[in-house]
Amino acid sequence: MTGPFAIGARVKVARGLPPGHVRTPMFLRGRAGQVIRHFGTFPNPERLAYGLSGLPLLHLYQVLFTMDETWNGDGAYAPGDTVTADIYETWLEPL
Amino acid sequence: MSTHGHHDHGHPHGHDHTVFQPDIREPSEEWEFLEIALRELLIEKDIVTAREIQDQIEAWERKSPEGGARIVARAWTDPAYRARLLEDGNAAVAEMGFEVEALKLVALENTEDLHHMVVCTLCSCYPRPILGMPPLWYKSREYRSRAVREPRAVLKEFGTDLPETTEVRVVDSTADCRYLVIPRRPEGTDGMSEAELAALVSRDSMIGTATAFAPGSGGRSV
């Protein structure tokens with residue numbers, strides 16, 4: 001059981017700019033990637049940070065992005081290089 | 001203020017004569033004042049003692065990359081352990097006596113085709129129970145911003161030059177996972193013992209900014 005996204009699923013990171021303690025890096029918001037791993041469920045850090053329970057638990061995924069999708073050529077990387085981040089289900093949209 | 005030492009109001013730990021010794025003598029930034037205010041309140045209200053804070057700081061400072069190096073050396077020599085480490089990091093390091101509480105420890109194996117390099121772009125997430133305290137550069141704004149954008153340039157600065165046929169995968173530890181890189185076992189190490197191999201596993205090779213030392217190059221100084 002891997003929650004709402006299957007391993008291999010194409011996803012897009014939400015573009016939101018909510019205030020507060022957010023664990024989705026800015027440089028990946030709005031980028032398209034691929035789910036490569038499911039880590040299980042964890043308390044929501046955006047609520048935990050304010051003394052709340054963090055429930056309901058959220059599915060956490062490792063999402064893979066190509067460097068080109070992320071930087072569009074403006075960086076020092078080889079064509080096959082990639083970057084991953086660990087992103088909670090609430091930040092991912094199916095693509 | 002706790003500086004007068006009268007903060008043992010019947011605390012079960014008895015008389016605590018420890019005076020907290022701050023690393024920073026003259027705080028200047030808001031977060032430093034916040035830390036002082038919070039620490040003094042916790043001590044005054046008998047929630048923790050100065051001694052407990054000092055002990056905890058020292059306990060963290062005793063942890064070092066030697067732990068991770070022993071784990072990697074075992075993974076190199078024991079295929080069943082390697083498989084367990086990749087499958088369930090927390091359970092595999094617990095076998096070696098390391099406790100990683102509340103976080104998910106994930107081991108990533110470097111190969112000829114795939115090289116992992118770890119960063120925390122948001123703060124300084126690091127597998128401290130097995131690697132000790134992170135180096136200052138790991139926490140620097142420079143490394144955190146450049147690692148994800150110019151990984152090949154950063155790797156070169158660490159003396160790591162990988163062919164373009166090797167995928168460099170920058171792993172941003174943004175959430176509840178802490179990553180341990182298992183570097184490639186160097187050539188010419190076939191007959192070496194686990195302890196000899198552990199000396200080849202540098203801290204940076206377990207972050208992924210470097211590779212393990214070649215045998216005969218002196219190894220890690222412990």
# chains A, B, ... in the order shown; residues from 1 in each chain; ligands from 1
call {"tool": "closest_atom_pairs", "arguments": {"of": "chain A", "to": "chain B", "cutoff": "8 Å", "atoms": "only C-alpha atoms", "output": "Markdown table"}}
result
| residue | atom | partner | partner_atom | distance |
| --- | --- | --- | --- | --- |
| A:Arg23 | CA | B:Thr174 | CA | 5.8 |
| A:Thr24 | CA | B:Thr174 | CA | 6.9 |
| A:Pro25 | CA | B:Leu122 | CA | 6.8 |
| A:Phe42 | CA | B:Asp176 | CA | 7.6 |
| A:Met67 | CA | B:Arg149 | CA | 7.6 |
| A:Trp71 | CA | B:Arg149 | CA | 7.1 |
| A:Asp74 | CA | B:Arg149 | CA | 7.9 |
| A:Gly75 | CA | B:Glu150 | CA | 5.1 |
| A:Ala76 | CA | B:Glu150 | CA | 4.0 |
| A:Tyr77 | CA | B:Arg152 | CA | 5.4 |
| A:Ala78 | CA | B:Glu164 | CA | 5.8 |
| A:Pro79 | CA | B:Glu164 | CA | 7.7 |
| A:Gly80 | CA | B:Glu167 | CA | 5.5 |
| A:Asp81 | CA | B:Val168 | CA | 4.8 |
| A:Thr82 | CA | B:Arg169 | CA | 4.7 |
| A:Val83 | CA | B:Val170 | CA | 4.5 |
| A:Thr84 | CA | B:Val171 | CA | 4.9 |
| A:Ala85 | CA | B:Asp172 | CA | 4.8 |
| A:Asp86 | CA | B:Thr174 | CA | 5.5 |
| A:Ile87 | CA | B:Ala175 | CA | 7.2 |
call {"tool": "write_last_selection", "arguments": {"atoms": "C-alpha atoms", "output": "PDB file, in the first residue's frame"}}
result
ATOM      1  CA  ARG A  23       8.979  21.262   4.241  1.00  0.00           C
ATOM      2  CA  THR A  24       8.534  21.479   0.466  1.00  0.00           C
ATOM      3  CA  PRO A  25      11.535  23.320  -1.005  1.00  0.00           C
ATOM      4  CA  PHE A  42       4.245  10.568   9.249  1.00  0.00           C
ATOM      5  CA  MET A  67      18.070  18.638 -13.280  1.00  0.00           C
ATOM      6  CA  TRP A  71      16.916  24.380 -13.678  1.00  0.00           C
ATOM      7  CA  ASP A  74      21.055  26.993 -15.751  1.00  0.00           C
ATOM      8  CA  GLY A  75      23.346  24.940 -13.498  1.00  0.00           C
ATOM      9  CA  ALA A  76      26.472  22.767 -13.415  1.00  0.00           C
ATOM     10  CA  TYR A  77      25.230  19.230 -14.048  1.00  0.00           C
ATOM     11  CA  ALA A  78      25.419  16.443 -16.634  1.00  0.00           C
ATOM     12  CA  PRO A  79      22.406  15.583 -18.840  1.00  0.00           C
ATOM     13  CA  GLY A  80      21.459  12.518 -16.777  1.00  0.00           C
ATOM     14  CA  ASP A  81      21.761  14.137 -13.339  1.00  0.00           C
ATOM     15  CA  THR A  82      18.783  14.281 -10.998  1.00  0.00           C
ATOM     16  CA  VAL A  83      17.594  15.646  -7.664  1.00  0.00           C
ATOM     17  CA  THR A  84      15.149  14.081  -5.215  1.00  0.00           C
ATOM     18  CA  ALA A  85      13.167  15.490  -2.312  1.00  0.00           C
ATOM     19  CA  ASP A  86      10.892  13.926   0.292  1.00  0.00           C
ATOM     20  CA  ILE A  87       7.421  15.363  -0.234  1.00  0.00           C
TER      21      ILE A  87
END
call {"tool": "residues_around", "arguments": {"residues": "Pro43 in chain A", "least_positions_apart": "2", "cutoff": "10 Å", "atoms": "only C-alpha atoms", "output": "list in words"}}
result
Thr41, Pro45, Glu46, Arg47, Leu48, Leu52, Ser53, Gly54, Leu55, Pro56, Leu57, Leu58, His59, Leu60 and Tyr88 of chain A; Asp176 of chain B
call {"tool": "residues_around", "arguments": {"residues": "Ser64 in chain B", "least_positions_apart": "6", "cutoff": "7 Å", "atoms": "only C-alpha atoms", "output": "PDB file with N, CA and C atoms, in the first residue's frame"}}
result
ATOM      1  N   ILE B 130      24.654   8.382  13.769  1.00  0.00           N
ATOM      2  CA  ILE B 130      25.703   7.532  13.188  1.00  0.00           C
ATOM      3  C   ILE B 130      26.844   8.327  12.552  1.00  0.00           C
ATOM      4  N   LEU B 131      26.659   9.623  12.317  1.00  0.00           N
ATOM      5  CA  LEU B 131      27.742  10.428  11.719  1.00  0.00           C
ATOM      6  C   LEU B 131      28.237  11.545  12.631  1.00  0.00           C
ATOM      7  N   GLY B 132      27.584  11.745  13.762  1.00  0.00           N
ATOM      8  CA  GLY B 132      27.988  12.848  14.638  1.00  0.00           C
ATOM      9  C   GLY B 132      27.413  14.168  14.152  1.00  0.00           C
TER      10      GLY B 132
END
call {"tool": "residues_around", "arguments": {"residues": "Val13 in chain A", "least_positions_apart": "2", "cutoff": "8 Å", "atoms": "only C-alpha atoms", "output": "list in words"}}
result
Val11, Arg15, Leu28, Arg29, Gly30, Arg31, Ala32, Gly33, Trp91, Leu92 and Glu93 of chain A
call {"tool": "write_last_selection", "arguments": {"atoms": "N, CA and C atoms", "output": "short mmCIF file (atom, residue, chain, number, x, y, z; two decimals), in the first residue's frame"}}
result
data_model
loop_
_atom_site.label_atom_id
_atom_site.label_comp_id
_atom_site.auth_asym_id
_atom_site.auth_seq_id
_atom_site.Cartn_x
_atom_site.Cartn_y
_atom_site.Cartn_z
N VAL A 11 4.05 13.06 -11.13
CA VAL A 11 3.36 14.00 -10.23
C VAL A 11 3.89 15.41 -10.47
N ARG A 15 2.14 24.63 -6.36
CA ARG A 15 2.85 25.91 -6.47
C ARG A 15 2.61 26.83 -5.27
N LEU A 28 11.41 23.47 -5.98
CA LEU A 28 10.70 22.36 -6.64
C LEU A 28 9.22 22.62 -6.82
N ARG A 29 8.73 23.73 -6.29
CA ARG A 29 7.29 23.99 -6.41
C ARG A 29 6.93 24.24 -7.87
N GLY A 30 5.88 23.55 -8.30
CA GLY A 30 5.45 23.68 -9.70
C GLY A 30 6.18 22.75 -10.65
N ARG A 31 7.18 21.98 -10.14
CA ARG A 31 7.97 21.10 -11.02
C ARG A 31 7.32 19.72 -11.14
N ALA A 32 7.56 19.09 -12.28
CA ALA A 32 7.03 17.74 -12.52
C ALA A 32 8.11 16.72 -12.22
N GLY A 33 7.72 15.63 -11.55
CA GLY A 33 8.68 14.60 -11.19
C GLY A 33 8.01 13.23 -11.16
N TRP A 91 1.19 17.89 -1.00
CA TRP A 91 1.85 18.79 -1.93
C TRP A 91 1.92 18.26 -3.35
N LEU A 92 1.42 17.04 -3.55
CA LEU A 92 1.57 16.41 -4.87
C LEU A 92 0.23 16.32 -5.59
N GLU A 93 0.29 16.58 -6.89
CA GLU A 93 -0.89 16.43 -7.74
C GLU A 93 -0.56 15.40 -8.80
#
call {"tool": "residues_around", "arguments": {"residues": "range 69-84 of chain B", "least_positions_apart": "6", "cutoff": "8 Å", "atoms": "only C-alpha atoms", "output": "list in words"}}
result
Ala91, Ala92, Val93, Met96, Ile182, Pro183, Arg185, Glu194, Ala195, Leu197, Ala198, Ala199, Val201, Ser202, Arg203 and Met206 of chain B
call {"tool": "select_by_dssp", "arguments": {"residues": "range 9-92 of chain A", "states": "strand (DSSP E)", "output": "MDAnalysis selection string"}}
result
chainID A and resid 10:13 32:42 58:66 82:88 92
call {"tool": "write_last_selection", "arguments": {"atoms": "C-alpha atoms", "output": "short mmCIF file (atom, residue, chain, number, x, y, z; two decimals), in the first residue's frame"}}
result
data_model
loop_
_atom_site.label_atom_id
_atom_site.label_comp_id
_atom_site.auth_asym_id
_atom_site.auth_seq_id
_atom_site.Cartn_x
_atom_site.Cartn_y
_atom_site.Cartn_z
CA ARG A 10 4.20 11.13 -12.58
CA VAL A 11 3.36 14.00 -10.23
CA LYS A 12 3.53 17.75 -10.03
CA VAL A 13 4.48 19.68 -6.91
CA ALA A 32 7.03 17.74 -12.52
CA GLY A 33 8.68 14.60 -11.19
CA GLN A 34 8.27 10.90 -10.57
CA VAL A 35 7.49 9.03 -7.36
CA ILE A 36 10.35 6.57 -6.76
CA ARG A 37 9.78 5.51 -3.16
CA HIS A 38 7.09 5.46 -0.48
CA PHE A 39 8.35 5.93 3.09
CA GLY A 40 5.14 5.27 5.00
CA THR A 41 3.08 7.80 6.94
CA PHE A 42 4.24 10.57 9.25
CA LEU A 58 0.41 11.89 5.73
CA HIS A 59 2.00 9.62 3.16
CA LEU A 60 5.58 10.64 2.41
CA TYR A 61 7.24 10.05 -0.96
CA GLN A 62 10.68 10.40 -2.48
CA VAL A 63 10.14 12.25 -5.73
CA LEU A 64 12.74 12.32 -8.50
CA PHE A 65 13.24 15.36 -10.77
CA THR A 66 15.62 15.76 -13.67
CA THR A 82 18.78 14.28 -11.00
CA VAL A 83 17.59 15.65 -7.66
CA THR A 84 15.15 14.08 -5.21
CA ALA A 85 13.17 15.49 -2.31
CA ASP A 86 10.89 13.93 0.29
CA ILE A 87 7.42 15.36 -0.23
CA TYR A 88 4.17 14.82 1.65
CA LEU A 92 1.57 16.41 -4.87
#
call {"tool": "closest_residue", "arguments": {"among": "B:Ser217, B:Ile43, B:Arg144, B:Leu155", "to": "Phe27 in chain A", "atoms": "only C-alpha atoms"}}
result
B:Arg144
call {"tool": "closest_residue", "arguments": {"among": "B:Glu101, B:Glu109, B:Glu61, B:Glu35", "to": "Leu86 in chain B", "atoms": "only C-alpha atoms"}}
result
B:Glu109
call {"tool": "select_by_dssp", "arguments": {"residues": "range 3-94 of chain A", "states": "alpha helix (DSSP H)", "output": "PyMOL selection string"}}
result
chain A and resi 45-48+67-71
call {"tool": "atom_distance", "arguments": {"atom1": "CA of Gly89 in chain B", "atom2": "CA of Ala214 in chain B"}}
result
25.9 Å
call {"tool": "closest_residue", "arguments": {"among": "A:Asp68, A:Pro4, A:Pro19, A:Ala49", "to": "Thr90 in chain A", "atoms": "only C-alpha atoms"}}
result
A:Pro4
call {"tool": "decode", "arguments": {"residues": "range 7-41 of chain A", "atoms": "N, CA and C atoms", "output": "PDB file, in the first residue's frame"}}
result
ATOM      1  N   ILE A   7       4.330   3.815  -7.014  1.00  0.00           N
ATOM      2  CA  ILE A   7       5.734   3.983  -7.396  1.00  0.00           C
ATOM      3  C   ILE A   7       5.777   4.101  -8.925  1.00  0.00           C
ATOM      4  N   GLY A   8       6.474   5.108  -9.410  1.00  0.00           N
ATOM      5  CA  GLY A   8       6.541   5.339 -10.854  1.00  0.00           C
ATOM      6  C   GLY A   8       5.557   6.396 -11.335  1.00  0.00           C
ATOM      7  N   ALA A   9       4.624   6.796 -10.470  1.00  0.00           N
ATOM      8  CA  ALA A   9       3.614   7.786 -10.877  1.00  0.00           C
ATOM      9  C   ALA A   9       4.264   9.129 -11.196  1.00  0.00           C
ATOM     10  N   ARG A  10       3.754   9.780 -12.250  1.00  0.00           N
ATOM     11  CA  ARG A  10       4.199  11.130 -12.584  1.00  0.00           C
ATOM     12  C   ARG A  10       3.382  12.104 -11.740  1.00  0.00           C
ATOM     13  N   VAL A  11       4.054  13.058 -11.126  1.00  0.00           N
ATOM     14  CA  VAL A  11       3.364  13.997 -10.235  1.00  0.00           C
ATOM     15  C   VAL A  11       3.891  15.408 -10.470  1.00  0.00           C
ATOM     16  N   LYS A  12       3.105  16.368  -9.988  1.00  0.00           N
ATOM     17  CA  LYS A  12       3.534  17.753 -10.031  1.00  0.00           C
ATOM     18  C   LYS A  12       3.457  18.315  -8.615  1.00  0.00           C
ATOM     19  N   VAL A  13       4.473  19.086  -8.241  1.00  0.00           N
ATOM     20  CA  VAL A  13       4.483  19.680  -6.906  1.00  0.00           C
ATOM     21  C   VAL A  13       3.617  20.937  -6.945  1.00  0.00           C
ATOM     22  N   ALA A  14       2.779  21.114  -5.942  1.00  0.00           N
ATOM     23  CA  ALA A  14       1.906  22.287  -5.891  1.00  0.00           C
ATOM     24  C   ALA A  14       2.737  23.566  -5.867  1.00  0.00           C
ATOM     25  N   ARG A  15       2.141  24.633  -6.362  1.00  0.00           N
ATOM     26  CA  ARG A  15       2.849  25.913  -6.467  1.00  0.00           C
ATOM     27  C   ARG A  15       2.606  26.835  -5.274  1.00  0.00           C
ATOM     28  N   GLY A  16       1.854  26.353  -4.289  1.00  0.00           N
ATOM     29  CA  GLY A  16       1.401  27.221  -3.203  1.00  0.00           C
ATOM     30  C   GLY A  16       2.516  27.938  -2.454  1.00  0.00           C
ATOM     31  N   LEU A  17       2.160  29.056  -1.838  1.00  0.00           N
ATOM     32  CA  LEU A  17       3.097  29.816  -1.008  1.00  0.00           C
ATOM     33  C   LEU A  17       2.492  30.038   0.382  1.00  0.00           C
ATOM     34  N   PRO A  18       2.116  28.945   1.061  1.00  0.00           N
ATOM     35  CA  PRO A  18       1.486  29.139   2.368  1.00  0.00           C
ATOM     36  C   PRO A  18       2.513  29.618   3.391  1.00  0.00           C
ATOM     37  N   PRO A  19       2.084  30.408   4.367  1.00  0.00           N
ATOM     38  CA  PRO A  19       3.013  30.821   5.421  1.00  0.00           C
ATOM     39  C   PRO A  19       3.265  29.661   6.374  1.00  0.00           C
ATOM     40  N   GLY A  20       4.266  29.787   7.221  1.00  0.00           N
ATOM     41  CA  GLY A  20       4.478  28.800   8.275  1.00  0.00           C
ATOM     42  C   GLY A  20       5.601  27.838   7.978  1.00  0.00           C
ATOM     43  N   HIS A  21       5.606  26.728   8.732  1.00  0.00           N
ATOM     44  CA  HIS A  21       6.692  25.743   8.662  1.00  0.00           C
ATOM     45  C   HIS A  21       6.391  24.733   7.561  1.00  0.00           C
ATOM     46  N   VAL A  22       6.952  24.975   6.382  1.00  0.00           N
ATOM     47  CA  VAL A  22       6.662  24.140   5.217  1.00  0.00           C
ATOM     48  C   VAL A  22       7.924  23.392   4.818  1.00  0.00           C
ATOM     49  N   ARG A  23       7.804  22.082   4.544  1.00  0.00           N
ATOM     50  CA  ARG A  23       8.979  21.262   4.241  1.00  0.00           C
ATOM     51  C   ARG A  23       9.134  20.974   2.743  1.00  0.00           C
ATOM     52  N   THR A  24       8.386  21.661   1.910  1.00  0.00           N
ATOM     53  CA  THR A  24       8.534  21.479   0.466  1.00  0.00           C
ATOM     54  C   THR A  24       9.430  22.587  -0.059  1.00  0.00           C
ATOM     55  N   PRO A  25      10.619  22.242  -0.600  1.00  0.00           N
ATOM     56  CA  PRO A  25      11.535  23.320  -1.005  1.00  0.00           C
ATOM     57  C   PRO A  25      10.958  24.178  -2.130  1.00  0.00           C
ATOM     58  N   MET A  26      11.258  25.453  -2.046  1.00  0.00           N
ATOM     59  CA  MET A  26      10.741  26.429  -3.005  1.00  0.00           C
ATOM     60  C   MET A  26      11.155  26.081  -4.436  1.00  0.00           C
ATOM     61  N   PHE A  27      12.409  25.593  -4.610  1.00  0.00           N
ATOM     62  CA  PHE A  27      12.908  25.398  -5.977  1.00  0.00           C
ATOM     63  C   PHE A  27      12.200  24.266  -6.709  1.00  0.00           C
ATOM     64  N   LEU A  28      11.410  23.467  -5.985  1.00  0.00           N
ATOM     65  CA  LEU A  28      10.704  22.364  -6.644  1.00  0.00           C
ATOM     66  C   LEU A  28       9.215  22.621  -6.818  1.00  0.00           C
ATOM     67  N   ARG A  29       8.733  23.729  -6.295  1.00  0.00           N
ATOM     68  CA  ARG A  29       7.286  23.988  -6.411  1.00  0.00           C
ATOM     69  C   ARG A  29       6.926  24.235  -7.873  1.00  0.00           C
ATOM     70  N   GLY A  30       5.881  23.549  -8.305  1.00  0.00           N
ATOM     71  CA  GLY A  30       5.447  23.680  -9.698  1.00  0.00           C
ATOM     72  C   GLY A  30       6.184  22.753 -10.649  1.00  0.00           C
ATOM     73  N   ARG A  31       7.182  21.978 -10.144  1.00  0.00           N
ATOM     74  CA  ARG A  31       7.971  21.101 -11.019  1.00  0.00           C
ATOM     75  C   ARG A  31       7.315  19.718 -11.139  1.00  0.00           C
ATOM     76  N   ALA A  32       7.556  19.090 -12.285  1.00  0.00           N
ATOM     77  CA  ALA A  32       7.031  17.743 -12.523  1.00  0.00           C
ATOM     78  C   ALA A  32       8.109  16.720 -12.215  1.00  0.00           C
ATOM     79  N   GLY A  33       7.717  15.634 -11.547  1.00  0.00           N
ATOM     80  CA  GLY A  33       8.676  14.596 -11.194  1.00  0.00           C
ATOM     81  C   GLY A  33       8.011  13.235 -11.164  1.00  0.00           C
ATOM     82  N   GLN A  34       8.752  12.273 -10.602  1.00  0.00           N
ATOM     83  CA  GLN A  34       8.270  10.900 -10.568  1.00  0.00           C
ATOM     84  C   GLN A  34       8.457  10.321  -9.170  1.00  0.00           C
ATOM     85  N   VAL A  35       7.407   9.671  -8.668  1.00  0.00           N
ATOM     86  CA  VAL A  35       7.492   9.025  -7.357  1.00  0.00           C
ATOM     87  C   VAL A  35       8.400   7.806  -7.482  1.00  0.00           C
ATOM     88  N   ILE A  36       9.469   7.744  -6.669  1.00  0.00           N
ATOM     89  CA  ILE A  36      10.353   6.575  -6.758  1.00  0.00           C
ATOM     90  C   ILE A  36      10.346   5.739  -5.479  1.00  0.00           C
ATOM     91  N   ARG A  37       9.775   6.280  -4.403  1.00  0.00           N
ATOM     92  CA  ARG A  37       9.777   5.515  -3.156  1.00  0.00           C
ATOM     93  C   ARG A  37       8.685   6.033  -2.236  1.00  0.00           C
ATOM     94  N   HIS A  38       8.100   5.109  -1.478  1.00  0.00           N
ATOM     95  CA  HIS A  38       7.089   5.458  -0.479  1.00  0.00           C
ATOM     96  C   HIS A  38       7.685   5.139   0.885  1.00  0.00           C
ATOM     97  N   PHE A  39       7.679   6.111   1.797  1.00  0.00           N
ATOM     98  CA  PHE A  39       8.353   5.925   3.087  1.00  0.00           C
ATOM     99  C   PHE A  39       7.406   5.527   4.218  1.00  0.00           C
ATOM    100  N   GLY A  40       6.094   5.516   3.930  1.00  0.00           N
ATOM    101  CA  GLY A  40       5.142   5.267   5.005  1.00  0.00           C
ATOM    102  C   GLY A  40       4.419   6.555   5.347  1.00  0.00           C
ATOM    103  N   THR A  41       3.837   6.605   6.557  1.00  0.00           N
ATOM    104  CA  THR A  41       3.083   7.795   6.936  1.00  0.00           C
ATOM    105  C   THR A  41       3.723   8.456   8.156  1.00  0.00           C
TER     106      THR A  41
END
